[in-house]
Structures are given as C-alpha cells and as structure tokens.
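Trainee: Can you keep this structure in mind? I'll have questions shortly.
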Amino acid sequence: MRYRRWLMASLLCLSGPTGALELSPQEMAGKQLFLHGSGSGDSIIQARVGAAGSLLPASVMPCASCHGADGRGRPEGGVRPPSILWRRLTLSYGGRLSHGRTRPAYDEQTFARAVVEGRDSAGKLLNPSMPRFVMSQRDMNNLTAYLKRLEEDDDFGLEGDKLRIGSLLPLTGSWAEMGTTVEAVLEEVLARINDNGGIHGRRLELIILDSGETKASAEAALDELQQQGPFFSLLAPLETTLEEGLTEWAEAMGIPLIGPLGPQVEYRQSAMVFHPLAGLRDQLLTLGEFAGDMLPASERTALIAYSDQAHQRELAESLAEKLRRSGWLRVQLLDSRQQKETIAVTAATNPALFFIGASEDFVDLAERWHASGLRPYLFAASGQVAGEVFNIPNSFSERVFLAYPFLPSDWSPAGASELAQIREKRQLSGRTTTLQVQAYCAAVLLVEGLKRAGRDASRKKLVVAIEALYGFNTGLSPALNFGPGKRVGAVGAHVVTVDLEYRRFRPLGPYLRIEDSL
C-alpha cells in the first residue's frame with residue numbers, strides 16, 4: 001500500500017480550518033507548517049537532507065508527509081517515523097527507541113533541537129532520513145503550539161456546511177453492475193437526507209471513484225479520491241483486490257470505514273471498521289451452532305470442505321475450532337484434493353458437511369456424495385451457493401441448510417417502502433437485492449452515527465457514537481448491536497432449508513444470534 005502517496009495527496013488538499021476544533025492563530029500557523037511546510041507571513045522554511053545537507057523547500061517534505069496527518073508515524077521504505085504526538089514525546093519516563101535505547105522526555109527546547117539539528121532528547125543523532133529544518137523561532141513556536149493540539153485535530157472532511165464522504169466502487173469492467181447498484185443506493189439514501197436539511201445543518205457530499213477490477217486501478221482510485229479533498233469517512237466500498245489492505249489503510253489514516261462490501265471478503269477486526277451485517281465467518285459459525293442443536297451428541301461428526309485459497313483455509317480452521325470447543329466428536333478439514341479423493345471419510349450415518357467455496361464446486365461435491373449413496377447434511381453460506389443450489393440432486397431435499405444475513409421478514413414497512421422507491425427510481429434489478437440491502441444498511445448506519453455525534457462531530461466521536469448503538473433498526477435488517485470492541489452489528493444469521501423437489505426455501509425459526517464475533 002502506498003501510504004505516503006495517499007497521505008501526501010490528502011494533505012495537499014487541506015487548507016485552513018476544516019472542522020470543529022477551535023485553533024488559535026498561532027496553532028493554525030503551526031498546522032500549516034506541519035501539513036504543508038509553509039512558514040508564517042513571508043518566512044521561508046527549508047529542509048536539510050542527506051549527509052551533504054542539501055537544502056530543499058520544506059513544502060517538498062513537510063512533517064506530515066512522513067509522520068502522518070495525525071502525527072502517529074507511517075512506515076515508508078523500511079523506515080518507521082515515530083509518533084510525534086506531544087503527549088508521547090513528553091512522557092515523564094521518556095521513551096524506548098526501536099533499537100532498545102531509551103531517551104528522556106522531550107521539552108520545547110529539546111524538541112526544537114531535534115527539528116533543527118537532528119538530535120533527540122538525549123543528544124543522540126536521529127535517523128539520517130529525518131530532515132533538519134531551517135526556520136525562525138516564531139515558526140518553531142507555532143509548530144510546537146500545534147503539536148500540543150494535534151491529537152485533538154481529527155476532523156478532516158468536516159466543513160462548515162458540508163461533510164465529505166468517500167467510496168470506491170467498480171463502475172466499469174466485470175463488476176460494473178454491482179458497483180453501479182451500490183452507487184445508486186448510496187446516492188439515493190444520502191440525497192433524501194440532504195433534501196430534509198442534512199445532518200445538523202450540513203449536507204452530505206458523496207465522492208465516488210471507479211476502482212475498476214484490478215489492484216492497480218483500485219490503488220489509483222484511492223489516490224484520486226484523496227486528491228479530491230479530505231473526507232470524513234469511507235462508506236460501503238465494494239473492493240476485492242485490496243482486501244485487508246483497505247482496513248490497514250483506514251487504520252493508518254484514522255478514517256472510519258462503514259460497511260465494506262465484497263464477495264465474501266473477510267476483514268480482520270479493526271477499531272475503525274464497522275460491519276452492519278454478519279460476514280462469511282459469522283454465518284458459518286451460526287450454521288455450526290445450528291447444526292450442534294439439530295444433531296444428537298452422538299452424531300456430531302463434521303467435515304469442512306474448502307477451496308485452496310488461503311482465506312478460505314482460515315475460515316475452515318476457525319469453524320473447526322468452534323466445533324471442537326462445542327464438543328463435536330470429530331472434525332475433519334477437506335481441501336480440494338481430499339474432496340475429490342475421499343468420500344466415505346467417516347463412519348457416521350449423517351455427517352454434517354460444511355462447505356466454503358464456489359457454487360459450482362458445491363454442486364459437484366453434492367453430486368459425488370449422491371453417487372456414493374451417502375447423504376450428509378449440507379451447510380453453506382447463501383452468498384456462496386444459493387445461485388446454484390437447485391442444481392444439486394433432489395436426494396438432498398431439506399438436507400441443505402443455508403445462512404442468510406437477513407431475510408425480507410426483517411424489513412419494516414417503512415424500510416421496504418424506501419427500498420422499493422429506490423429500486424423504481426434507479427431501475428435496480430432484483431438480482432442484486434442482497435447488495436442493495438447491504439449498501440442501504442451501511443448508509444443508514446453512518447447517518448445515525450453522524451446524528452448522534454452532534455454538530456461538533458469528529459471521527460473519534462463518530463466511532464464512539466456507532467459503538468454505543470444497541471437495538472438500532474435499519475429497516476432492512478435484524479437489529480444492530482455494537483459496543484466496545486464489537487464491530488459487527490448483527491452477529492448471526494437466518495438458517496433456511498431448501499426443498500429441492502418444489503424449488504423453494506423454508507426459514508427455520510427466527511434470526512439466530514451468536515456471541516462469537518469478528
């Protein structure tokens with residue numbers, strides 16, 4: 001991930017106060033110096049770089065280009081610039097450097113020496129990659145004043161009468177229908193909010209860039225999104241090529257990521273990322289819990305079939321661990337080769353076969369089990385196999401159990417009506433209902449978080465506001481419950497069995513919530 005390019009692109013778009021934090025004239029001047037390398041008045045700031053001390057304009061390499069807009073440091077080319085938050089610099093017990101050496105706490109004088117001479121609070125030389133800056137005492141005082149407030153200044157993308165929200169969607173290429181579907185839903189939900197006065201008097205400005213279908217095009221789109229100006233949060237990006245890189249980027253930039261979408265892409269837990277609905281992992285764990293309740297203790301033997309992709313192996317291992325902890329007698333993982341070579345891998349009459357992979361492989365596996373004369377119970381996430389489930393042999397009728405993150409029975413009359421209006425206005429296909437609902441829930445979640453964060457919202461306040469939501473109804477999903485360290489709103493799934501003879505789905509009871517979460 002090219003953090004420095006993204007950071008620089010966003011920083012160059014910042015000019016003046018953009019949010020609710022009140023800065024003094026001195027602190028504002030320090031902010032300009034920190035972000036852009038520009039001095040107060042007519043003063044010129046320069047940076048000495050390299051062993052020869054070559055002079056360059058400080059605007060070429062301002063503080064934030066390496067230490068980040070939030071001052072927490074960003075890895076670049078094998079070097080990790082340290083955090084320069086004033087609270088960290090001035091800790092009474094000093095600090096421990098990456099190579100183990102300790103240093104005393106900084107004060108204003110030793111900090112100025114570090115900036116000008118490249119020596120730390122102990123008088124030792126800093127890393128040669130650290131420029132030494134030539135500036136007036138006035139500029140140094142301004143910079144120090146701002147650094148003392150930097151940790152509070154986290155509201156990029158928030159302006160007097162608008163709040164900027166970004167998203168990455170594939171609007172061209174093979175994923176274009178999905179991307180344009182999400183685009184339509186997000187635009188309509190936010191347009192309705194704006195038509196009713198916005199949130200706390202601010203209009204929501206949605207900036208969407210086409211991420212294409214390659215990693216290079218996605219990274220270029222994120223670069224361009226940054227260049228268009230700072231934004232407050234990232235909403236419902238539909239991205240498969242960056243995978244966990246998008247979560248890492250959101251963490252590094254301190255930007256809340258609300259409702260990331262993708263064809264079963266799993267995101268690791270992050271304080272900055274909120275998922276309204278359960279992902280593939282939680283749906284599988286729900287099926288495991290359901291199967292454990294359905295089968296007698298003596299018959300709890302499980303096979304977990306998965307493709308050879310690394311993330312699917314991880315999902316299989318996670319499910320296996322859950323089943324073993326729940327007391328299942330035997331749990332065996334089957335990779336692609338083992339699925340083809342072995343059918344009668346257990347003596348159990350009715351083993352539970354959990355599947356993680358592509359729908360065509362699910363059909364092929366069911367056909368081979370049918371040919372062997374065995375009929376295990378089949379469990380899978382609907383998003384992976386529902387499109388082909390009616391192609392498996394009828395002998396598995398009502399022995400197939402699918403997990404759904406939501407069903408139409410979750411929809412309130414108001415939510416169903418609003419979705420219908422969006423579909424009609426934007427001519428959306430019923431084929432993409434799941435994606436429409438996911439995008440809608442993400443947008444509604446962000447809107448609710450912004451309302452609760454208040455007029456003087458910040459990114460931190462948005463995170464806290466969403467974290468405090470409990471029993472929140474989006475209108476199209478089960479109630480969402482967040483909390484400290486809890487980043488999935490509806491942790492569980494509906495379990496649906498399939499009548500293959502009459503080609504219909506039958507829900508089995510209410511929404512099943514589980515405690516084990518991402």
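Going through the structure tokens in order, the chains are called A, B, and so on, while each chain numbers its residues from 1 and the ligands are numbered from 1 in the order shown.
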Can you list, as a list in words, every protein, DNA or RNA residue that comes within 10 Å of Leu329 (chain A) when you count only C-alpha atoms, leaving out same-chain residues fewer than 5 positions away?

Mentor: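 Listing them by chain and then by number gives Ala297, Ser298, Glu299, Arg300, Thr301, Ala302, Leu323 and Arg324 of chain A.
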
Trainee: Restricting the output to N, CA and C atoms, write the selected residues as a PDB file, in the first residue's frame.

Mentor:
ATOM      1  N   ALA A 297     -25.901 -35.588  20.183  1.00  0.00           N
ATOM      2  CA  ALA A 297     -24.485 -35.512  20.549  1.00  0.00           C
ATOM      3  C   ALA A 297     -23.677 -36.650  19.936  1.00  0.00           C
ATOM      4  N   SER A 298     -24.281 -37.827  19.820  1.00  0.00           N
ATOM      5  CA  SER A 298     -23.567 -38.997  19.297  1.00  0.00           C
ATOM      6  C   SER A 298     -23.311 -38.918  17.793  1.00  0.00           C
ATOM      7  N   GLU A 299     -23.965 -37.984  17.094  1.00  0.00           N
ATOM      8  CA  GLU A 299     -23.827 -37.887  15.637  1.00  0.00           C
ATOM      9  C   GLU A 299     -23.113 -36.607  15.205  1.00  0.00           C
ATOM     10  N   ARG A 300     -22.505 -35.926  16.124  1.00  0.00           N
ATOM     11  CA  ARG A 300     -21.858 -34.651  15.780  1.00  0.00           C
ATOM     12  C   ARG A 300     -20.470 -34.893  15.211  1.00  0.00           C
ATOM     13  N   THR A 301     -20.460 -35.317  13.949  1.00  0.00           N
ATOM     14  CA  THR A 301     -19.235 -35.505  13.186  1.00  0.00           C
ATOM     15  C   THR A 301     -19.273 -34.532  12.018  1.00  0.00           C
ATOM     16  N   ALA A 302     -18.227 -33.752  11.843  1.00  0.00           N
ATOM     17  CA  ALA A 302     -18.244 -32.698  10.837  1.00  0.00           C
ATOM     18  C   ALA A 302     -17.112 -32.834   9.836  1.00  0.00           C
ATOM     19  N   LEU A 323     -16.310 -25.738  16.466  1.00  0.00           N
ATOM     20  CA  LEU A 323     -16.999 -27.018  16.628  1.00  0.00           C
ATOM     21  C   LEU A 323     -16.324 -27.875  17.694  1.00  0.00           C
ATOM     22  N   ARG A 324     -15.015 -27.903  17.685  1.00  0.00           N
ATOM     23  CA  ARG A 324     -14.304 -28.709  18.692  1.00  0.00           C
ATOM     24  C   ARG A 324     -14.569 -28.180  20.099  1.00  0.00           C
TER      25      ARG A 324
END

Trainee: Please identify all polymer residues within 12 Å of region 405-416 of chain A, counting only C-alpha atoms, omitting same-chain residues fewer than 6 positions from it, and present them as a PDB file with N, CA and C atoms, in the first residue's frame.

Mentor:
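And here is the file that came out, around-v9.pdb:
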ATOM      1  N   VAL A 189     -30.031   7.329  -0.701  1.00  0.00           N
ATOM      2  CA  VAL A 189     -30.189   7.470   0.753  1.00  0.00           C
ATOM      3  C   VAL A 189     -29.669   8.830   1.210  1.00  0.00           C
ATOM      4  N   GLN A 264     -17.771 -11.998  -0.256  1.00  0.00           N
ATOM      5  CA  GLN A 264     -17.266 -12.846   0.823  1.00  0.00           C
ATOM      6  C   GLN A 264     -15.849 -12.494   1.258  1.00  0.00           C
ATOM      7  N   HIS A 275     -19.183  -3.238  10.551  1.00  0.00           N
ATOM      8  CA  HIS A 275     -19.968  -4.061   9.633  1.00  0.00           C
ATOM      9  C   HIS A 275     -21.407  -4.126  10.149  1.00  0.00           C
ATOM     10  N   PRO A 276     -22.385  -3.649   9.405  1.00  0.00           N
ATOM     11  CA  PRO A 276     -23.770  -3.793   9.866  1.00  0.00           C
ATOM     12  C   PRO A 276     -24.196  -5.256   9.985  1.00  0.00           C
ATOM     13  N   LEU A 277     -23.864  -6.074   8.987  1.00  0.00           N
ATOM     14  CA  LEU A 277     -24.333  -7.456   8.933  1.00  0.00           C
ATOM     15  C   LEU A 277     -23.172  -8.436   9.045  1.00  0.00           C
ATOM     16  N   ALA A 278     -23.515  -9.661   9.387  1.00  0.00           N
ATOM     17  CA  ALA A 278     -22.510 -10.707   9.567  1.00  0.00           C
ATOM     18  C   ALA A 278     -21.810 -11.028   8.253  1.00  0.00           C
ATOM     19  N   GLY A 279     -20.524 -11.259   8.342  1.00  0.00           N
ATOM     20  CA  GLY A 279     -19.754 -11.705   7.199  1.00  0.00           C
ATOM     21  C   GLY A 279     -19.765 -13.217   7.097  1.00  0.00           C
ATOM     22  N   LEU A 280     -18.962 -13.736   6.189  1.00  0.00           N
ATOM     23  CA  LEU A 280     -18.955 -15.176   5.928  1.00  0.00           C
ATOM     24  C   LEU A 280     -18.576 -15.975   7.175  1.00  0.00           C
ATOM     25  N   ARG A 281     -17.591 -15.502   7.915  1.00  0.00           N
ATOM     26  CA  ARG A 281     -17.154 -16.244   9.094  1.00  0.00           C
ATOM     27  C   ARG A 281     -18.286 -16.391  10.098  1.00  0.00           C
ATOM     28  N   ASP A 282     -18.949 -15.307  10.427  1.00  0.00           N
ATOM     29  CA  ASP A 282     -20.021 -15.380  11.412  1.00  0.00           C
ATOM     30  C   ASP A 282     -21.207 -16.198  10.915  1.00  0.00           C
ATOM     31  N   GLN A 283     -21.459 -16.170   9.619  1.00  0.00           N
ATOM     32  CA  GLN A 283     -22.534 -17.005   9.078  1.00  0.00           C
ATOM     33  C   GLN A 283     -22.191 -18.489   9.233  1.00  0.00           C
ATOM     34  N   LEU A 284     -20.931 -18.844   8.994  1.00  0.00           N
ATOM     35  CA  LEU A 284     -20.517 -20.238   9.158  1.00  0.00           C
ATOM     36  C   LEU A 284     -20.599 -20.671  10.616  1.00  0.00           C
ATOM     37  N   THR A 286     -22.595 -19.508  12.803  1.00  0.00           N
ATOM     38  CA  THR A 286     -24.016 -19.665  13.107  1.00  0.00           C
ATOM     39  C   THR A 286     -24.524 -21.024  12.642  1.00  0.00           C
ATOM     40  N   LEU A 287     -24.117 -21.431  11.446  1.00  0.00           N
ATOM     41  CA  LEU A 287     -24.506 -22.757  10.953  1.00  0.00           C
ATOM     42  C   LEU A 287     -23.960 -23.850  11.862  1.00  0.00           C
ATOM     43  N   ALA A 381     -22.991 -20.891   3.275  1.00  0.00           N
ATOM     44  CA  ALA A 381     -23.479 -19.508   3.276  1.00  0.00           C
ATOM     45  C   ALA A 381     -24.210 -19.246   1.971  1.00  0.00           C
ATOM     46  N   SER A 382     -25.357 -18.598   2.059  1.00  0.00           N
ATOM     47  CA  SER A 382     -26.186 -18.375   0.870  1.00  0.00           C
ATOM     48  C   SER A 382     -25.448 -17.580  -0.197  1.00  0.00           C
ATOM     49  N   GLY A 383     -24.629 -16.609   0.228  1.00  0.00           N
ATOM     50  CA  GLY A 383     -23.934 -15.781  -0.747  1.00  0.00           C
ATOM     51  C   GLY A 383     -22.975 -16.548  -1.624  1.00  0.00           C
ATOM     52  N   ILE A 422     -36.382   3.373  -4.138  1.00  0.00           N
ATOM     53  CA  ILE A 422     -35.037   3.472  -4.710  1.00  0.00           C
ATOM     54  C   ILE A 422     -34.918   2.567  -5.933  1.00  0.00           C
ATOM     55  N   ARG A 423     -35.431   1.359  -5.807  1.00  0.00           N
ATOM     56  CA  ARG A 423     -35.366   0.425  -6.939  1.00  0.00           C
ATOM     57  C   ARG A 423     -36.100   0.968  -8.156  1.00  0.00           C
ATOM     58  N   THR A 433     -30.465  -7.814  -4.870  1.00  0.00           N
ATOM     59  CA  THR A 433     -31.151  -7.413  -3.640  1.00  0.00           C
ATOM     60  C   THR A 433     -30.208  -7.420  -2.436  1.00  0.00           C
ATOM     61  N   THR A 434     -29.419  -8.477  -2.301  1.00  0.00           N
ATOM     62  CA  THR A 434     -28.516  -8.552  -1.148  1.00  0.00           C
ATOM     63  C   THR A 434     -27.577  -7.356  -1.102  1.00  0.00           C
ATOM     64  N   LEU A 435     -27.007  -6.999  -2.232  1.00  0.00           N
ATOM     65  CA  LEU A 435     -26.096  -5.868  -2.291  1.00  0.00           C
ATOM     66  C   LEU A 435     -26.825  -4.562  -1.988  1.00  0.00           C
ATOM     67  N   GLN A 436     -28.039  -4.428  -2.489  1.00  0.00           N
ATOM     68  CA  GLN A 436     -28.825  -3.226  -2.213  1.00  0.00           C
ATOM     69  C   GLN A 436     -29.063  -3.059  -0.716  1.00  0.00           C
ATOM     70  N   VAL A 437     -29.431  -4.148  -0.058  1.00  0.00           N
ATOM     71  CA  VAL A 437     -29.716  -4.089   1.374  1.00  0.00           C
ATOM     72  C   VAL A 437     -28.440  -3.783   2.164  1.00  0.00           C
ATOM     73  N   GLN A 438     -27.341  -4.410   1.778  1.00  0.00           N
ATOM     74  CA  GLN A 438     -26.080  -4.162   2.477  1.00  0.00           C
ATOM     75  C   GLN A 438     -25.662  -2.697   2.357  1.00  0.00           C
ATOM     76  N   TYR A 440     -27.632  -0.128   1.709  1.00  0.00           N
ATOM     77  CA  TYR A 440     -28.616   0.673   2.431  1.00  0.00           C
ATOM     78  C   TYR A 440     -28.315   0.673   3.924  1.00  0.00           C
ATOM     79  N   CYS A 441     -28.059  -0.484   4.482  1.00  0.00           N
ATOM     80  CA  CYS A 441     -27.782  -0.585   5.921  1.00  0.00           C
ATOM     81  C   CYS A 441     -26.518   0.183   6.299  1.00  0.00           C
ATOM     82  N   VAL A 444     -27.429   3.951   6.229  1.00  0.00           N
ATOM     83  CA  VAL A 444     -28.282   4.310   7.363  1.00  0.00           C
ATOM     84  C   VAL A 444     -27.483   4.296   8.663  1.00  0.00           C
ATOM     85  N   ASN A 473     -32.464  -0.157  14.559  1.00  0.00           N
ATOM     86  CA  ASN A 473     -33.192  -0.749  13.437  1.00  0.00           C
ATOM     87  C   ASN A 473     -32.908   0.029  12.158  1.00  0.00           C
ATOM     88  N   THR A 474     -32.342  -0.637  11.192  1.00  0.00           N
ATOM     89  CA  THR A 474     -32.082  -0.007   9.896  1.00  0.00           C
ATOM     90  C   THR A 474     -33.320   0.001   9.022  1.00  0.00           C
ATOM     91  N   GLY A 475     -34.280  -0.855   9.318  1.00  0.00           N
ATOM     92  CA  GLY A 475     -35.464  -1.001   8.483  1.00  0.00           C
ATOM     93  C   GLY A 475     -35.371  -2.151   7.499  1.00  0.00           C
ATOM     94  N   LEU A 476     -34.150  -2.674   7.308  1.00  0.00           N
ATOM     95  CA  LEU A 476     -33.978  -3.769   6.347  1.00  0.00           C
ATOM     96  C   LEU A 476     -33.122  -4.907   6.905  1.00  0.00           C
ATOM     97  N   SER A 477     -32.889  -4.930   8.199  1.00  0.00           N
ATOM     98  CA  SER A 477     -32.014  -5.949   8.759  1.00  0.00           C
ATOM     99  C   SER A 477     -32.448  -6.274  10.180  1.00  0.00           C
ATOM    100  N   PRO A 478     -31.901  -7.328  10.754  1.00  0.00           N
ATOM    101  CA  PRO A 478     -32.079  -7.522  12.199  1.00  0.00           C
ATOM    102  C   PRO A 478     -31.517  -6.320  12.948  1.00  0.00           C
ATOM    103  N   ALA A 479     -31.950  -6.117  14.171  1.00  0.00           N
ATOM    104  CA  ALA A 479     -31.456  -5.006  14.976  1.00  0.00           C
ATOM    105  C   ALA A 479     -29.942  -5.098  15.125  1.00  0.00           C
ATOM    106  N   LEU A 480     -29.275  -3.942  15.071  1.00  0.00           N
ATOM    107  CA  LEU A 480     -27.820  -3.891  15.158  1.00  0.00           C
ATOM    108  C   LEU A 480     -27.397  -3.561  16.579  1.00  0.00           C
ATOM    109  N   VAL A 488     -19.368  -5.805  14.611  1.00  0.00           N
ATOM    110  CA  VAL A 488     -20.383  -6.391  13.727  1.00  0.00           C
ATOM    111  C   VAL A 488     -21.733  -6.185  14.388  1.00  0.00           C
ATOM    112  N   GLY A 489     -22.644  -5.507  13.702  1.00  0.00           N
ATOM    113  CA  GLY A 489     -23.914  -5.148  14.319  1.00  0.00           C
ATOM    114  C   GLY A 489     -24.859  -6.302  14.540  1.00  0.00           C
ATOM    115  N   ALA A 490     -25.055  -7.115  13.531  1.00  0.00           N
ATOM    116  CA  ALA A 490     -25.933  -8.277  13.626  1.00  0.00           C
ATOM    117  C   ALA A 490     -25.071  -9.515  13.477  1.00  0.00           C
ATOM    118  N   VAL A 491     -24.705 -10.113  14.594  1.00  0.00           N
ATOM    119  CA  VAL A 491     -23.785 -11.254  14.593  1.00  0.00           C
ATOM    120  C   VAL A 491     -24.615 -12.526  14.615  1.00  0.00           C
ATOM    121  N   GLY A 492     -24.796 -13.124  13.465  1.00  0.00           N
ATOM    122  CA  GLY A 492     -25.600 -14.329  13.374  1.00  0.00           C
ATOM    123  C   GLY A 492     -26.148 -14.483  11.967  1.00  0.00           C
ATOM    124  N   ALA A 493     -27.247 -15.192  11.839  1.00  0.00           N
ATOM    125  CA  ALA A 493     -27.835 -15.431  10.514  1.00  0.00           C
ATOM    126  C   ALA A 493     -29.206 -16.068  10.659  1.00  0.00           C
ATOM    127  N   HIS A 494     -29.979 -15.966   9.596  1.00  0.00           N
ATOM    128  CA  HIS A 494     -31.169 -16.789   9.438  1.00  0.00           C
ATOM    129  C   HIS A 494     -30.726 -18.115   8.824  1.00  0.00           C
ATOM    130  N   VAL A 495     -31.265 -19.213   9.302  1.00  0.00           N
ATOM    131  CA  VAL A 495     -30.973 -20.520   8.709  1.00  0.00           C
ATOM    132  C   VAL A 495     -32.202 -20.959   7.911  1.00  0.00           C
ATOM    133  N   VAL A 496     -31.949 -21.309   6.654  1.00  0.00           N
ATOM    134  CA  VAL A 496     -33.021 -21.648   5.722  1.00  0.00           C
ATOM    135  C   VAL A 496     -32.718 -23.010   5.121  1.00  0.00           C
ATOM    136  N   PHE A 505     -37.519 -22.218  -0.678  1.00  0.00           N
ATOM    137  CA  PHE A 505     -36.741 -22.069   0.552  1.00  0.00           C
ATOM    138  C   PHE A 505     -37.697 -21.972   1.738  1.00  0.00           C
ATOM    139  N   ARG A 506     -37.270 -22.541   2.868  1.00  0.00           N
ATOM    140  CA  ARG A 506     -38.119 -22.509   4.056  1.00  0.00           C
ATOM    141  C   ARG A 506     -37.274 -22.074   5.268  1.00  0.00           C
ATOM    142  N   PRO A 507     -37.551 -20.882   5.820  1.00  0.00           N
ATOM    143  CA  PRO A 507     -36.824 -20.426   7.004  1.00  0.00           C
ATOM    144  C   PRO A 507     -37.102 -21.324   8.202  1.00  0.00           C
ATOM    145  N   LEU A 508     -36.076 -21.534   9.009  1.00  0.00           N
ATOM    146  CA  LEU A 508     -36.199 -22.387  10.186  1.00  0.00           C
ATOM    147  C   LEU A 508     -36.051 -21.530  11.447  1.00  0.00           C
ATOM    148  N   GLY A 509     -37.149 -20.989  11.891  1.00  0.00           N
ATOM    149  CA  GLY A 509     -37.130 -20.215  13.122  1.00  0.00           C
ATOM    150  C   GLY A 509     -36.676 -18.785  12.914  1.00  0.00           C
ATOM    151  N   PRO A 510     -36.541 -18.028  14.016  1.00  0.00           N
ATOM    152  CA  PRO A 510     -36.137 -16.622  13.944  1.00  0.00           C
ATOM    153  C   PRO A 510     -34.643 -16.481  13.697  1.00  0.00           C
ATOM    154  N   TYR A 511     -34.207 -15.235  13.593  1.00  0.00           N
ATOM    155  CA  TYR A 511     -32.796 -14.926  13.413  1.00  0.00           C
ATOM    156  C   TYR A 511     -32.003 -15.504  14.583  1.00  0.00           C
ATOM    157  N   LEU A 512     -30.932 -16.214  14.275  1.00  0.00           N
ATOM    158  CA  LEU A 512     -30.118 -16.862  15.293  1.00  0.00           C
ATOM    159  C   LEU A 512     -28.881 -16.015  15.560  1.00  0.00           C
ATOM    160  N   ARG A 513     -28.800 -15.433  16.751  1.00  0.00           N
ATOM    161  CA  ARG A 513     -27.646 -14.622  17.128  1.00  0.00           C
ATOM    162  C   ARG A 513     -26.620 -15.488  17.845  1.00  0.00           C
TER     163      ARG A 513
END

Trainee: List every residue of region 64-277 of chain A that DSSP, applied to the backbone of this structure, assigns to strand (DSSP E or B), and report them as a PyMOL selection string.

Mentor: chain A and resi 76+79+95-96+102-103+119+125+132-134+158+162-169+199+202-210+233-235+238+257-258+261+273-277

Trainee: Between A:Pro25, A:Pro256, A:Gly30, A:Gly483, single out the one closest to Ser458 (chain A), counting only C-alpha atoms.

Mentor: A:Pro256

Trainee: I'd like the interatomic distance between CA of Lys322 (chain A) and CA of Ser372 (chain A), to a tenth of an Å.

Mentor: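 CA of Ser372 (chain A) lies 28.8 Å from CA of Lys322 (chain A).
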